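Q: This one is structure19.pdb, PDB, C-alpha atoms.
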ATOM      1  CA  MET A  22    -111.792-113.916 -38.372
ATOM      2  CA  MET A  23    -109.545-116.831 -37.386
ATOM      3  CA  GLY A  24    -110.087-116.225 -33.689
ATOM      4  CA  ASP A  25    -113.765-116.817 -34.295
ATOM      5  CA  ILE A  26    -113.157-120.162 -36.046
ATOM      6  CA  THR A  27    -113.120-123.434 -34.106
ATOM      7  CA  VAL A  28    -111.461-126.365 -35.831
ATOM      8  CA  GLY A  29    -112.200-129.922 -34.829
ATOM      9  CA  PHE A  30    -108.756-131.427 -35.426
ATOM     10  CA  ALA A  31    -109.020-135.212 -35.641
ATOM     11  CA  LEU A  32    -106.047-137.563 -35.783
ATOM     12  CA  CYS A  33    -106.195-141.111 -37.162
ATOM     13  CA  GLY A  34    -103.661-143.919 -37.195
ATOM     14  CA  SER A  35    -101.217-142.968 -39.927
ATOM     15  CA  PHE A  36     -98.640-142.961 -37.159
ATOM     16  CA  CYS A  37     -95.733-141.886 -39.363
ATOM     17  CA  THR A  38     -97.501-138.562 -40.056
ATOM     18  CA  ILE A  39     -98.711-137.718 -36.534
ATOM     19  CA  SER A  40     -95.706-135.455 -35.877
ATOM     20  CA  ARG A  41     -96.512-133.493 -39.048
ATOM     21  CA  SER A  42    -100.128-133.157 -37.910
ATOM     22  CA  LEU A  43     -99.072-131.831 -34.523
ATOM     23  CA  LYS A  44     -96.769-129.304 -36.179
ATOM     24  CA  GLU A  45     -99.705-128.018 -38.238
ATOM     25  CA  MET A  46    -101.916-128.009 -35.145
ATOM     26  CA  GLU A  47     -99.399-125.672 -33.511
ATOM     27  CA  ARG A  48     -99.342-123.521 -36.623
ATOM     28  CA  LEU A  49    -103.148-123.211 -36.715
ATOM     29  CA  ILE A  50    -103.116-122.132 -33.058
ATOM     30  CA  SER A  51    -100.431-119.529 -33.866
ATOM     31  CA  LEU A  52    -102.673-118.250 -36.677
ATOM     32  CA  GLY A  53    -105.477-117.695 -34.171
ATOM     33  CA  TYR A  54    -107.709-120.728 -34.680
ATOM     34  CA  ARG A  55    -109.301-122.456 -31.701
ATOM     35  CA  ILE A  56    -108.686-126.220 -31.795
ATOM     36  CA  ILE A  57    -110.778-129.039 -30.345
ATOM     37  CA  PRO A  58    -108.533-132.113 -30.451
ATOM     38  CA  ILE A  59    -110.068-135.451 -31.410
ATOM     39  CA  MET A  60    -108.293-138.805 -31.650
ATOM     40  CA  SER A  61    -109.254-142.204 -32.873
ATOM     41  CA  GLU A  62    -109.194-144.798 -30.152
ATOM     42  CA  ARG A  63    -106.293-146.441 -31.982
ATOM     43  CA  VAL A  64    -104.094-143.335 -31.793
ATOM     44  CA  TYR A  65    -105.153-142.622 -28.208
ATOM     45  CA  ASN A  66    -104.172-146.107 -27.012
ATOM     46  CA  THR A  67    -101.350-147.349 -29.238
ATOM     47  CA  ASP A  68     -97.597-147.094 -28.790
ATOM     48  CA  THR A  69     -95.655-147.389 -32.054
ATOM     49  CA  ARG A  70     -92.109-146.947 -33.325
ATOM     50  CA  PHE A  71     -93.136-143.366 -34.155
ATOM     51  CA  GLY A  72     -94.003-142.508 -30.561
ATOM     52  CA  ASN A  73     -95.962-143.671 -27.572
ATOM     53  CA  ALA A  74     -99.573-142.752 -26.988
ATOM     54  CA  GLU A  75     -98.973-141.030 -23.665
ATOM     55  CA  ASP A  76     -96.492-138.580 -25.220
ATOM     56  CA  ILE A  77     -98.764-137.863 -28.201
ATOM     57  CA  ILE A  78    -101.716-137.239 -25.879
ATOM     58  CA  LYS A  79     -99.698-134.913 -23.644
ATOM     59  CA  LYS A  80     -98.274-132.940 -26.557
ATOM     60  CA  THR A  81    -101.700-132.590 -28.187
ATOM     61  CA  GLU A  82    -103.382-131.450 -24.977
ATOM     62  CA  ASP A  83    -100.517-129.031 -24.265
ATOM     63  CA  ILE A  84    -100.836-127.502 -27.748
ATOM     64  CA  CYS A  85    -104.627-127.118 -27.531
ATOM     65  CA  GLY A  86    -104.999-126.402 -23.840
ATOM     66  CA  ARG A  87    -107.875-128.866 -23.547
ATOM     67  CA  LYS A  88    -108.615-132.565 -23.200
ATOM     68  CA  ILE A  89    -108.836-134.777 -26.258
ATOM     69  CA  ILE A  90    -112.171-136.173 -27.397
ATOM     70  CA  HIS A  91    -111.407-139.877 -27.859
ATOM     71  CA  THR A  92    -114.666-141.819 -27.583
ATOM     72  CA  VAL A  93    -117.811-142.048 -29.689
ATOM     73  CA  GLU A  94    -119.846-140.785 -26.738
ATOM     74  CA  GLU A  95    -117.668-137.681 -26.322
ATOM     75  CA  ALA A  96    -117.778-136.918 -30.070
ATOM     76  CA  GLU A  97    -121.547-137.209 -30.529
ATOM     77  CA  PRO A  98    -122.456-133.714 -29.162
ATOM     78  CA  ILE A  99    -120.119-131.881 -31.579
ATOM     79  CA  GLY A 100    -122.858-131.208 -34.139
ATOM     80  CA  PRO A 101    -125.871-130.676 -31.890
ATOM     81  CA  LYS A 102    -123.891-128.269 -29.691
ATOM     82  CA  LYS A 103    -122.388-126.526 -32.760
ATOM     83  CA  MET A 104    -118.907-126.925 -31.317
ATOM     84  CA  THR A 105    -116.958-126.684 -34.608
ATOM     85  CA  ASP A 106    -116.903-124.502 -37.710
ATOM     86  CA  ILE A 107    -114.818-126.964 -39.710
ATOM     87  CA  MET A 108    -113.655-130.539 -39.122
ATOM     88  CA  LEU A 109    -110.091-131.394 -40.142
ATOM     89  CA  VAL A 110    -109.020-135.044 -40.238
ATOM     90  CA  ALA A 111    -105.221-135.044 -40.402
ATOM     91  CA  PRO A 112    -104.030-137.649 -41.002
ATOM     92  CA  CYS A 113    -107.008-139.328 -42.624
ATOM     93  CA  THR A 114    -106.240-142.997 -43.150
ATOM     94  CA  GLY A 115    -107.663-145.192 -45.869
ATOM     95  CA  ASN A 116    -109.625-146.975 -43.165
ATOM     96  CA  THR A 117    -111.260-143.751 -41.982
ATOM     97  CA  ALA A 118    -111.918-142.591 -45.563
ATOM     98  CA  ALA A 119    -113.653-145.932 -46.244
ATOM     99  CA  LYS A 120    -115.805-145.554 -43.150
ATOM    100  CA  LEU A 121    -116.755-141.986 -44.036
ATOM    101  CA  ALA A 122    -117.571-143.005 -47.632
ATOM    102  CA  SER A 123    -119.768-145.836 -46.304
ATOM    103  CA  ALA A 124    -121.382-143.841 -43.453
ATOM    104  CA  ILE A 125    -119.861-146.103 -40.799
ATOM    105  CA  THR A 126    -119.704-144.397 -37.414
ATOM    106  CA  ASP A 127    -117.734-146.570 -35.023
ATOM    107  CA  THR A 128    -114.824-144.390 -33.870
ATOM    108  CA  ALA A 129    -114.484-141.023 -32.174
ATOM    109  CA  VAL A 130    -113.250-139.543 -35.470
ATOM    110  CA  THR A 131    -116.050-140.883 -37.668
ATOM    111  CA  MET A 132    -118.631-139.817 -35.085
ATOM    112  CA  ALA A 133    -117.051-136.361 -34.880
ATOM    113  CA  VAL A 134    -117.299-135.972 -38.658
ATOM    114  CA  LYS A 135    -120.858-137.327 -38.816
ATOM    115  CA  SER A 136    -121.998-135.120 -35.943
ATOM    116  CA  HIS A 137    -120.265-132.053 -37.425
ATOM    117  CA  LEU A 138    -121.917-132.679 -40.825
ATOM    118  CA  ARG A 139    -125.357-132.329 -39.184
ATOM    119  CA  GLN A 140    -124.726-128.592 -39.433
ATOM    120  CA  SER A 141    -123.754-128.788 -43.168
ATOM    121  CA  LYS A 142    -120.301-127.446 -42.391
ATOM    122  CA  PRO A 143    -117.047-128.310 -44.205
ATOM    123  CA  VAL A 144    -114.874-131.355 -43.565
ATOM    124  CA  LEU A 145    -111.234-131.172 -44.668
ATOM    125  CA  LEU A 146    -109.331-134.439 -45.168
ATOM    126  CA  ALA A 147    -105.533-134.784 -45.197
ATOM    127  CA  ILE A 148    -105.125-138.225 -46.773
ATOM    128  CA  ALA A 149    -102.252-140.448 -45.649
ATOM    129  CA  THR A 150    -102.581-144.040 -46.774
ATOM    130  CA  ASN A 151    -100.442-146.684 -48.447
ATOM    131  CA  ASP A 152    -103.324-147.909 -50.628
ATOM    132  CA  ALA A 153    -104.834-144.635 -51.898
ATOM    133  CA  LEU A 154    -104.176-145.612 -55.512
ATOM    134  CA  GLY A 155    -105.363-149.153 -54.833
ATOM    135  CA  ALA A 156    -108.290-150.353 -52.733
ATOM    136  CA  SER A 157    -108.855-146.942 -51.108
ATOM    137  CA  ALA A 158    -109.121-145.038 -54.408
ATOM    138  CA  GLN A 159    -112.859-145.692 -54.734
ATOM    139  CA  ASN A 160    -113.543-144.280 -51.261
ATOM    140  CA  ILE A 161    -111.476-141.161 -51.858
ATOM    141  CA  GLY A 162    -113.348-140.705 -55.145
ATOM    142  CA  LYS A 163    -116.705-141.037 -53.403
ATOM    143  CA  LEU A 164    -115.746-138.419 -50.830
ATOM    144  CA  MET A 165    -114.462-136.057 -53.521
ATOM    145  CA  ASN A 166    -117.943-136.108 -55.022
ATOM    146  CA  ARG A 167    -119.816-135.426 -51.782
ATOM    147  CA  ARG A 168    -120.940-132.049 -50.558
ATOM    148  CA  HIS A 169    -119.032-130.522 -47.684
ATOM    149  CA  TYR A 170    -115.875-132.651 -48.185
ATOM    150  CA  TYR A 171    -112.612-130.976 -49.171
ATOM    151  CA  PHE A 172    -109.058-132.258 -49.445
ATOM    152  CA  VAL A 173    -105.621-131.017 -48.548
ATOM    153  CA  PRO A 174    -103.625-131.452 -51.793
ATOM    154  CA  PHE A 175    -101.786-134.758 -51.898
ATOM    155  CA  SER A 176     -99.250-136.687 -53.961
ATOM    156  CA  GLN A 177     -97.336-139.934 -54.038
ATOM    157  CA  ASP A 178     -94.809-139.954 -51.225
ATOM    158  CA  ALA A 179     -92.557-142.852 -52.326
ATOM    159  CA  PRO A 180     -93.642-144.069 -55.772
ATOM    160  CA  ASP A 181     -90.686-146.421 -56.217
ATOM    161  CA  THR A 182     -91.251-148.328 -52.975
ATOM    162  CA  LYS A 183     -94.961-147.631 -52.298
ATOM    163  CA  PRO A 184     -96.608-147.097 -55.692
ATOM    164  CA  ASN A 185    -100.160-146.900 -54.263
ATOM    165  CA  SER A 186     -99.358-144.499 -51.418
ATOM    166  CA  LEU A 187    -100.597-140.906 -51.217
ATOM    167  CA  VAL A 188     -99.850-138.375 -48.496
ATOM    168  CA  ALA A 189    -101.291-134.902 -48.067
ATOM    169  CA  HIS A 190     -99.026-131.876 -48.182
ATOM    170  CA  PHE A 191     -99.535-131.044 -44.526
ATOM    171  CA  GLU A 192     -97.924-127.633 -44.950
ATOM    172  CA  LEU A 193    -100.941-126.681 -47.116
ATOM    173  CA  ILE A 194    -103.431-127.283 -44.304
ATOM    174  CA  PRO A 195    -103.898-123.568 -43.455
ATOM    175  CA  ALA A 196    -104.552-122.615 -47.095
ATOM    176  CA  ALA A 197    -106.822-125.634 -47.659
ATOM    177  CA  LEU A 198    -108.691-124.810 -44.438
ATOM    178  CA  GLU A 199    -109.329-121.217 -45.526
ATOM    179  CA  ALA A 200    -110.562-122.424 -48.917
ATOM    180  CA  ALA A 201    -112.858-125.056 -47.376
ATOM    181  CA  LEU A 202    -114.339-122.469 -45.027
ATOM    182  CA  SER A 203    -115.317-120.590 -48.204
ATOM    183  CA  GLN A 204    -116.705-123.827 -49.692
ATOM    184  CA  LYS A 205    -113.853-124.081 -52.203
ATOM    185  CA  GLN A 206    -111.400-126.863 -52.978
ATOM    186  CA  ILE A 207    -107.810-125.640 -53.075
ATOM    187  CA  GLN A 208    -106.219-126.539 -56.420
ATOM    188  CA  PRO A 209    -104.487-128.513 -57.662
ATOM    189  CA  VAL A 210    -105.718-131.250 -55.344
ATOM    190  CA  LEU A 211    -103.321-133.768 -56.892
ATOM    191  CA  ALA A 212     -99.917-132.125 -56.674
TER     192      ALA A 212
END
If you took the structure in this file and wrote it as structure tokens, what would it be?

A:
Amino acid sequence: MMGDITVGFALCGSFCTISRSLKEMERLISLGYRIIPIMSERVYNTDTRFGNAEDIIKKTEDICGRKIIHTVEEAEPIGPKKMTDIMLVAPCTGNTAAKLASAITDTAVTMAVKSHLRQSKPVLLAIATNDALGASAQNIGKLMNRRHYYFVPFSQDAPDTKPNSLVAHFELIPAALEAALSQKQIQPVLA
């Protein structure tokens, strides 16, 4: 079945978790999933202390064997052309969660999700944000109550130094993906 499943794998700007996302991207490929890579413009164009954009782009395209979708215009046909069976946003920043909760479509990632949802197919979010238990909590809550949205289980990553921060358990992406494809939320969502 996995060989018949195409995952839109979208990366947002939680730069400290990009390497974990790429590791899971490789794992999904090894499990037989087809991957369409998608990147926010910020990830596609920004060098950080966690890596430079050119290296992240090259590694992603090498893993997937295809070019990255990185503009709103490139992402728009995803739904109409039925390009994906599930959309995975990993990492999903607080900024992207807020945009999805408010139906704002101004990045390649938010357009990819919106376009994908035209087909009433599942969206899986791997939250990674320093304000998930603060300002972003309301947006995560809204998305948890919407049809077609599922979450990779998450927990506080550094409660003593970042008390509002939540990060998905990236290693649970394959299990969460399988559950979401069956329209189920893997439990417990808050680990």

Q: Just the number, please: distance in Å from atom CA of A:Met60 to atom CA of A:Ala119, one decimal.

A: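 Straight-line distance from atom CA of A:Met60 to atom CA of A:Ala119 works out to 17.1 Å.
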
Q: By how many Å are atom CA of A:Phe175 and atom CA of A:Val188 apart?

A: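 Going from atom CA of A:Phe175 over to atom CA of A:Val188, I get 5.3 Å.
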
Q: Which residues come within 12 Å of A:Ile39, counting all atoms listed in the file, excluding same-chain residues fewer than 3 positions away, as number ranges by chain?

A: A: 30-36, 42-46, 60, 64-65, 69-74, 76-78, 80-81, 110-114, 147, 149, 191

Q: Contacts of A:Thr150 at 6 Å or less, counting only C-alpha atoms, minus same-chain residues fewer than 3 places along, as an MDAnalysis selection string?

A: chainID A and resid 114:115 153 186:187

Q: Using all atoms listed in the file, can you tell me which of A:Ala179, A:Ile207, A:Ala196, A:Ala122 comes closest to A:Asn166?

A: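 Looking only at the distances to A:Asn166, the closest residue turns out to be A:Ala122.
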
Q: Assuming the chain letters and numbering stay as they are in my file, what does the PyMOL selection byres ((chain A and resi 127-131) around 9) actually select? List them as a ChimeraX atom specification.

A: /A:31-33,59-63,90-97,110,117,120-121,124-126,132-136

Q: May I have a table of the residues of stretch 51-94 of chain A lying at most 8 Å from stretch 26-29 of chain A, giving each one's closest pair of atoms and their distance in Å to one decimal, counting only C-alpha atoms, ordered by chain and ascending residue number, as a Markdown table?

A:
| residue | atom | partner | partner_atom | distance |
| --- | --- | --- | --- | --- |
| A:Tyr54 | CA | A:Ile26 | CA | 5.6 |
| A:Arg55 | CA | A:Thr27 | CA | 4.6 |
| A:Ile56 | CA | A:Val28 | CA | 4.9 |
| A:Ile57 | CA | A:Gly29 | CA | 4.8 |
| A:Pro58 | CA | A:Gly29 | CA | 6.1 |
| A:Ile59 | CA | A:Gly29 | CA | 6.8 |

Q: Exactly which residues make up the result of the PyMOL selection byres ((chain A and resi 194) around 9) on this file, given as a tab-separated table (two decimals) with C-alpha atoms, in the frame of the given file?

A:
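Saved as result.tsv:
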chain	number	residue	atom	x	y	z
A	45	GLU	CA	-99.70	-128.02	-38.24
A	49	LEU	CA	-103.15	-123.21	-36.72
A	109	LEU	CA	-110.09	-131.39	-40.14
A	111	ALA	CA	-105.22	-135.04	-40.40
A	145	LEU	CA	-111.23	-131.17	-44.67
A	147	ALA	CA	-105.53	-134.78	-45.20
A	173	VAL	CA	-105.62	-131.02	-48.55
A	174	PRO	CA	-103.62	-131.45	-51.79
A	189	ALA	CA	-101.29	-134.90	-48.07
A	190	HIS	CA	-99.03	-131.88	-48.18
A	191	PHE	CA	-99.54	-131.04	-44.53
A	192	GLU	CA	-97.92	-127.63	-44.95
A	193	LEU	CA	-100.94	-126.68	-47.12
A	195	PRO	CA	-103.90	-123.57	-43.46
A	196	ALA	CA	-104.55	-122.62	-47.10
A	197	ALA	CA	-106.82	-125.63	-47.66
A	198	LEU	CA	-108.69	-124.81	-44.44
A	199	GLU	CA	-109.33	-121.22	-45.53

Q: Add whatever atoms are absent from stretch 60-74 of chain A to reach N, CA, C and O atoms, and provide the output as a PDB file, keeping the file's coordinate frame.

A:
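The new file rebuild.pdb reads:
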ATOM      1  N   MET A  60    -109.168-137.702 -31.259  1.00  0.00           N
ATOM      2  CA  MET A  60    -108.293-138.805 -31.650  1.00  0.00           C
ATOM      3  C   MET A  60    -109.086-140.081 -31.793  1.00  0.00           C
ATOM      4  O   MET A  60    -109.992-140.352 -30.997  1.00  0.00           O
ATOM      5  N   SER A  61    -108.684-140.862 -32.778  1.00  0.00           N
ATOM      6  CA  SER A  61    -109.254-142.204 -32.873  1.00  0.00           C
ATOM      7  C   SER A  61    -108.782-142.987 -31.652  1.00  0.00           C
ATOM      8  O   SER A  61    -107.735-142.692 -31.066  1.00  0.00           O
ATOM      9  N   GLU A  62    -109.558-143.958 -31.289  1.00  0.00           N
ATOM     10  CA  GLU A  62    -109.194-144.798 -30.152  1.00  0.00           C
ATOM     11  C   GLU A  62    -107.848-145.465 -30.386  1.00  0.00           C
ATOM     12  O   GLU A  62    -107.059-145.653 -29.463  1.00  0.00           O
ATOM     13  N   ARG A  63    -107.563-145.788 -31.641  1.00  0.00           N
ATOM     14  CA  ARG A  63    -106.293-146.441 -31.982  1.00  0.00           C
ATOM     15  C   ARG A  63    -105.115-145.524 -31.667  1.00  0.00           C
ATOM     16  O   ARG A  63    -104.142-145.937 -31.050  1.00  0.00           O
ATOM     17  N   VAL A  64    -105.185-144.275 -32.076  1.00  0.00           N
ATOM     18  CA  VAL A  64    -104.094-143.335 -31.793  1.00  0.00           C
ATOM     19  C   VAL A  64    -103.996-143.083 -30.291  1.00  0.00           C
ATOM     20  O   VAL A  64    -102.899-143.040 -29.732  1.00  0.00           O
ATOM     21  N   TYR A  65    -105.130-142.940 -29.636  1.00  0.00           N
ATOM     22  CA  TYR A  65    -105.153-142.622 -28.208  1.00  0.00           C
ATOM     23  C   TYR A  65    -104.546-143.728 -27.352  1.00  0.00           C
ATOM     24  O   TYR A  65    -104.018-143.455 -26.281  1.00  0.00           O
ATOM     25  N   ASN A  66    -104.589-144.960 -27.841  1.00  0.00           N
ATOM     26  CA  ASN A  66    -104.172-146.107 -27.012  1.00  0.00           C
ATOM     27  C   ASN A  66    -102.988-146.908 -27.529  1.00  0.00           C
ATOM     28  O   ASN A  66    -102.634-147.911 -26.913  1.00  0.00           O
ATOM     29  N   THR A  67    -102.358-146.502 -28.622  1.00  0.00           N
ATOM     30  CA  THR A  67    -101.350-147.349 -29.238  1.00  0.00           C
ATOM     31  C   THR A  67     -99.962-146.721 -29.218  1.00  0.00           C
ATOM     32  O   THR A  67     -99.779-145.594 -29.685  1.00  0.00           O
ATOM     33  N   ASP A  68     -99.000-147.471 -28.706  1.00  0.00           N
ATOM     34  CA  ASP A  68     -97.597-147.094 -28.790  1.00  0.00           C
ATOM     35  C   ASP A  68     -97.025-147.701 -30.068  1.00  0.00           C
ATOM     36  O   ASP A  68     -97.294-148.862 -30.384  1.00  0.00           O
ATOM     37  N   THR A  69     -96.268-146.896 -30.815  1.00  0.00           N
ATOM     38  CA  THR A  69     -95.655-147.389 -32.054  1.00  0.00           C
ATOM     39  C   THR A  69     -94.195-146.958 -32.096  1.00  0.00           C
ATOM     40  O   THR A  69     -93.728-146.215 -31.227  1.00  0.00           O
ATOM     41  N   ARG A  70     -93.513-147.360 -33.163  1.00  0.00           N
ATOM     42  CA  ARG A  70     -92.109-146.947 -33.325  1.00  0.00           C
ATOM     43  C   ARG A  70     -92.001-145.447 -33.595  1.00  0.00           C
ATOM     44  O   ARG A  70     -90.927-144.867 -33.523  1.00  0.00           O
ATOM     45  N   PHE A  71     -93.129-144.804 -33.900  1.00  0.00           N
ATOM     46  CA  PHE A  71     -93.136-143.366 -34.155  1.00  0.00           C
ATOM     47  C   PHE A  71     -93.451-142.546 -32.915  1.00  0.00           C
ATOM     48  O   PHE A  71     -93.456-141.318 -32.971  1.00  0.00           O
ATOM     49  N   GLY A  72     -93.726-143.213 -31.800  1.00  0.00           N
ATOM     50  CA  GLY A  72     -94.003-142.508 -30.561  1.00  0.00           C
ATOM     51  C   GLY A  72     -94.994-143.277 -29.714  1.00  0.00           C
ATOM     52  O   GLY A  72     -95.725-144.130 -30.215  1.00  0.00           O
ATOM     53  N   ASN A  73     -94.992-142.984 -28.423  1.00  0.00           N
ATOM     54  CA  ASN A  73     -95.962-143.671 -27.572  1.00  0.00           C
ATOM     55  C   ASN A  73     -97.178-142.775 -27.340  1.00  0.00           C
ATOM     56  O   ASN A  73     -97.113-141.558 -27.416  1.00  0.00           O
ATOM     57  N   ALA A  74     -98.284-143.438 -27.099  1.00  0.00           N
ATOM     58  CA  ALA A  74     -99.573-142.752 -26.988  1.00  0.00           C
ATOM     59  C   ALA A  74     -99.557-141.681 -25.905  1.00  0.00           C
ATOM     60  O   ALA A  74    -100.079-140.578 -26.118  1.00  0.00           O
TER      61      ALA A  74
END
